[in-house]
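Below is one structure, written out as structure tokens; comments come after it.
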Amino acid sequence: MKRISLTRFLVEEQRLNQNIPAELRLLIEVVARACKTISHAVGKGALGEVLGTANTENVQGEVQKKLDILSNEILLEANEWGGHLAAMASEEMETIHPIPNRYPQGEYLLLFDPLDGSSNIDVNVSIGTIFSVLKAPDGIATPTEQDFMQKGSQQVAAGYAIYGPQTMLILTTGNGVNAFTLDREMGSWVLTERNLQIPVDTQEFAINMSNARHWYPPVTRYVDEMLEGKTGPRNKDFNMRWIAAMVTDVHRILHRGGVFMYPADKRDPDKPGKLRLMYEANPMSMIVEQAGGVSTDGKQRMLDIQPTTLHQRVPVFLGSKNEVDLVTRYHLDA
Ligand code: F6P
Ligand code: MN
């Protein structure tokens with residue numbers, strides 16, 4: 001196999017398509033390097049004394065794991081000094097993180113979920129890091145939260161790292177989706193898949209079925225019809241998978257198709273779903289669209305939603321085109 005490193009890939013992409021200027025390349029390489037460090041910590045597990053909870057809560061009132069906090073610190077530290085960023089935002093921090101005065105400021109905004117699927121950490125199941133890159137509005141001196149309030153369609157890059165049997169980096173800069181595998185001995189990211197495409201049809205769905213009694217009618221209808229299988233209205237049997245780490249469920253869907261759902265439900269009207277728009281739904285939606293899939297909040301294209309707050313939640317339906325189109329139609333019909 002001809003080995004193409006992440007750096008070479010980014011340089012050649014820029015040469016071909018002029019879509020990865022030097023500052024963006026630096027940003028992506030710095031994030032990828034941070035993910036390498038996180039992967040190393042995750043891989044150490046109990047040997048690194050990094051498992052377990054930290055006895056703190058994040059802004060969403062979720063108990064933080066030691067690795068949530070560590071991963072957040074790794075990403076902050078790695079990205080402060082390079083001069084490529086104007087500010088950062090993270091699931092683990094209530095407000096935005098401006099670049100300290102001692103460093104030069106760049107033109108990009110970086111958002112991340114440092115460690116997605118945290119409930120899997122202590123049971124050795126795949127988890128990941130999700131990131132989204134926006135451009136800071138022109139001419140701003142000190143970025144504010146308001147400067148982050150851009151639609152997902154404004155993202156200039158998005159990606160995730162998955163820490164599983166292999167550590168991989170999935171990346172889009174708006175020109176398809178490519179995958180890199182971490183060569184653990186060499187410490188380098190190597191291009192291993194080009195131009196990932198999600199099959200338009202699928203017989204696999206992902207949803208937390210234990211919430212079924214709380215769902216709204218369109219979701220119940222859609223899932224019930226799948227469960228009826230071959231003899232039901234869908235005329236085919238469906239299989240189900242739920243890993244409880246969005247990164248890992250999306251990674252499977254990118255490779256063999258599927259539909260991932262985290263709907264809003266009747267439990268708490270103030271909480272439209274569980275997942276966060278800015279650093280979970282938007283980056284994953286950009287990746288899914290770039291791989292030929294579809295992503296909606298049940299009614300509209302995810303990437304067209306105008307954000308109003310940094311940590312806002314959103315219902316998520318993403319994956320194989322024909323399935324996401326169908327469940328979206330059920331919502332619009334209702
Ligand atoms: O980040 C939130 C998250 O951990 C996702 O990665 C995952 O898809 C979901 O929550 C799992 O939620 P639940 O615990 O309700 O199944
Ligand atoms: Mn998450």
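Residue numbering restarts at 1 for every chain of the structure tokens, chains are lettered A, B, ... in their displayed order, and ligands are numbered from 1 as they appear.
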
Please build the interface table for chain A against ligand 1 with a cut-off of 7 Å, listing for each qualifying residue the nearest atom pair and the distance in Å to one decimal; count only C-alpha atoms and all ligand atoms, order rows by chain and increasing number, and write it as CSV.
```
residue,atom,partner,partner_atom_place_in_ligand_line,distance
A:Asp116,CA,ligand 1,6 (O),4.9
A:Gly117,CA,ligand 1,4 (O),3.7
A:Ser118,CA,ligand 1,4 (O),5.9
A:Ser119,CA,ligand 1,4 (O),6.6
A:Asn208,CA,ligand 1,16 (O),5.2
A:Ala244,CA,ligand 1,11 (C),3.9
A:Ala245,CA,ligand 1,6 (O),3.5
A:Met246,CA,ligand 1,8 (O),3.7
A:Val247,CA,ligand 1,6 (O),6.3
A:Lys274,CA,ligand 1,2 (C),6.7
A:Leu275,CA,ligand 1,2 (C),5.6
```

Go ahead and save the picked residues with C-alpha atoms, as a PDB file, in the first residue's frame.
```
ATOM      1  CA  ASP A 116     -18.209  11.434  23.011  1.00  0.00           C
ATOM      2  CA  GLY A 117     -19.965   8.374  24.420  1.00  0.00           C
ATOM      3  CA  SER A 118     -18.482   8.828  27.891  1.00  0.00           C
ATOM      4  CA  SER A 119     -20.669   6.113  29.423  1.00  0.00           C
ATOM      5  CA  ASN A 208     -32.439   3.908  22.218  1.00  0.00           C
ATOM      6  CA  ALA A 244     -24.558   4.680  22.938  1.00  0.00           C
ATOM      7  CA  ALA A 245     -21.626   6.567  21.435  1.00  0.00           C
ATOM      8  CA  MET A 246     -22.724   8.706  18.510  1.00  0.00           C
ATOM      9  CA  VAL A 247     -19.245   8.558  17.011  1.00  0.00           C
ATOM     10  CA  LYS A 274     -30.244  14.890  23.937  1.00  0.00           C
ATOM     11  CA  LEU A 275     -27.575  15.716  21.407  1.00  0.00           C
TER      12      LEU A 275
END
```

Name the residues of range 71-314 of chain A that come out as helix (DSSP H, G or I) in a backbone DSSP run; write them as a PyMOL selection string. chain A and resi 71-80+118-123+145-148+152-154+209-214+217-227+229-231+246-256+277-290+302-304

Looking at only C-alpha atoms and all ligand atoms, which of A:Ile170, A:Ile253, A:Met149, A:Leu115 is the one that sits closest to ligand 2?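 Of A:Ile170, A:Ile253, A:Met149, A:Leu115, the one nearest ligand 2, counting only C-alpha atoms and all ligand atoms, is A:Leu115.
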
For range 226-229 of chain A, find every residue with an atom within 10 Å (counting only C-alpha atoms), except residues of its own chain fewer than 3 positions away, and show them as a count of residues only. 16

Quick one: pull the distance between CA of Tyr103 in chain A and CA of Gly159 in chain A, Å, one decimal.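 About the pair CA of Tyr103 in chain A and CA of Gly159 in chain A: they are 25.3 Å apart.
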
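Residue nearest ligand 2 within the list A:Gly298, A:Pro100, A:Gly83, A:Pro114: A:Pro114 [criterion: smallest interatomic distance, only C-alpha atoms and all ligand atoms].
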
For Ala161 in chain A: contacts at 6 Å, only C-alpha atoms, fewer than 6 positions along chain excluded, given as a ChimeraX atom specification: /A:128-129,168-169

Take the residues from that selection and put them in a file with C-alpha atoms, as a PDB file, in the first residue's frame.
```pdb
ATOM      1  CA  GLY A 128     -14.463   9.392  20.118  1.00  0.00           C
ATOM      2  CA  THR A 129     -13.754  13.109  19.727  1.00  0.00           C
ATOM      3  CA  MET A 168      -9.155   6.471  13.123  1.00  0.00           C
ATOM      4  CA  LEU A 169      -9.701  10.040  11.994  1.00  0.00           C
TER       5      LEU A 169
END
```

Residue neighbourhood Ala86 in chain A, 9 Å, only C-alpha atoms, exclusion window fewer than 2 positions, as a list of chain:residue names: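 My list of contacting residues is A:Gly83, A:His84, A:Met88, A:Pro98, A:Ile99, A:Pro104, A:Gln105, A:Gly106, A:Glu107, A:Tyr108, A:Leu109, A:Leu110, A:Lys135, A:Ala136, A:Ala141, A:Thr142, A:Pro143.
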
Write out, as a PDB file, in the first residue's frame, the residues just selected, with C-alpha atoms.
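Full text of again-v8.pdb as output:
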```pdb
ATOM      1  CA  GLY A  83      -2.097  31.327  15.891  1.00  0.00           C
ATOM      2  CA  HIS A  84      -4.795  29.635  13.798  1.00  0.00           C
ATOM      3  CA  MET A  88     -12.774  27.584  21.066  1.00  0.00           C
ATOM      4  CA  PRO A  98     -10.744  32.905  23.891  1.00  0.00           C
ATOM      5  CA  ILE A  99      -7.115  32.557  22.825  1.00  0.00           C
ATOM      6  CA  PRO A 104      -1.446  35.500  18.119  1.00  0.00           C
ATOM      7  CA  GLN A 105      -5.067  35.196  17.030  1.00  0.00           C
ATOM      8  CA  GLY A 106      -6.202  33.455  13.881  1.00  0.00           C
ATOM      9  CA  GLU A 107      -9.399  33.453  11.874  1.00  0.00           C
ATOM     10  CA  TYR A 108     -10.993  30.132  12.833  1.00  0.00           C
ATOM     11  CA  LEU A 109     -13.388  29.014  15.558  1.00  0.00           C
ATOM     12  CA  LEU A 110     -13.089  25.457  16.841  1.00  0.00           C
ATOM     13  CA  LYS A 135     -14.639  31.013  10.364  1.00  0.00           C
ATOM     14  CA  ALA A 136     -14.753  33.943  12.747  1.00  0.00           C
ATOM     15  CA  ALA A 141     -11.090  41.694  17.731  1.00  0.00           C
ATOM     16  CA  THR A 142     -12.434  39.615  20.599  1.00  0.00           C
ATOM     17  CA  PRO A 143     -14.804  36.820  19.627  1.00  0.00           C
TER      18      PRO A 143
END
```

Between CA of Val123 in chain A and CA of Gly45 in chain A, what distance in Å does the model show, to one decimal?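 So the answer is 10.0 Å.
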
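The space between CA of Met209 in chain A and CA of Val125 in chain A spans 19.5 Å.
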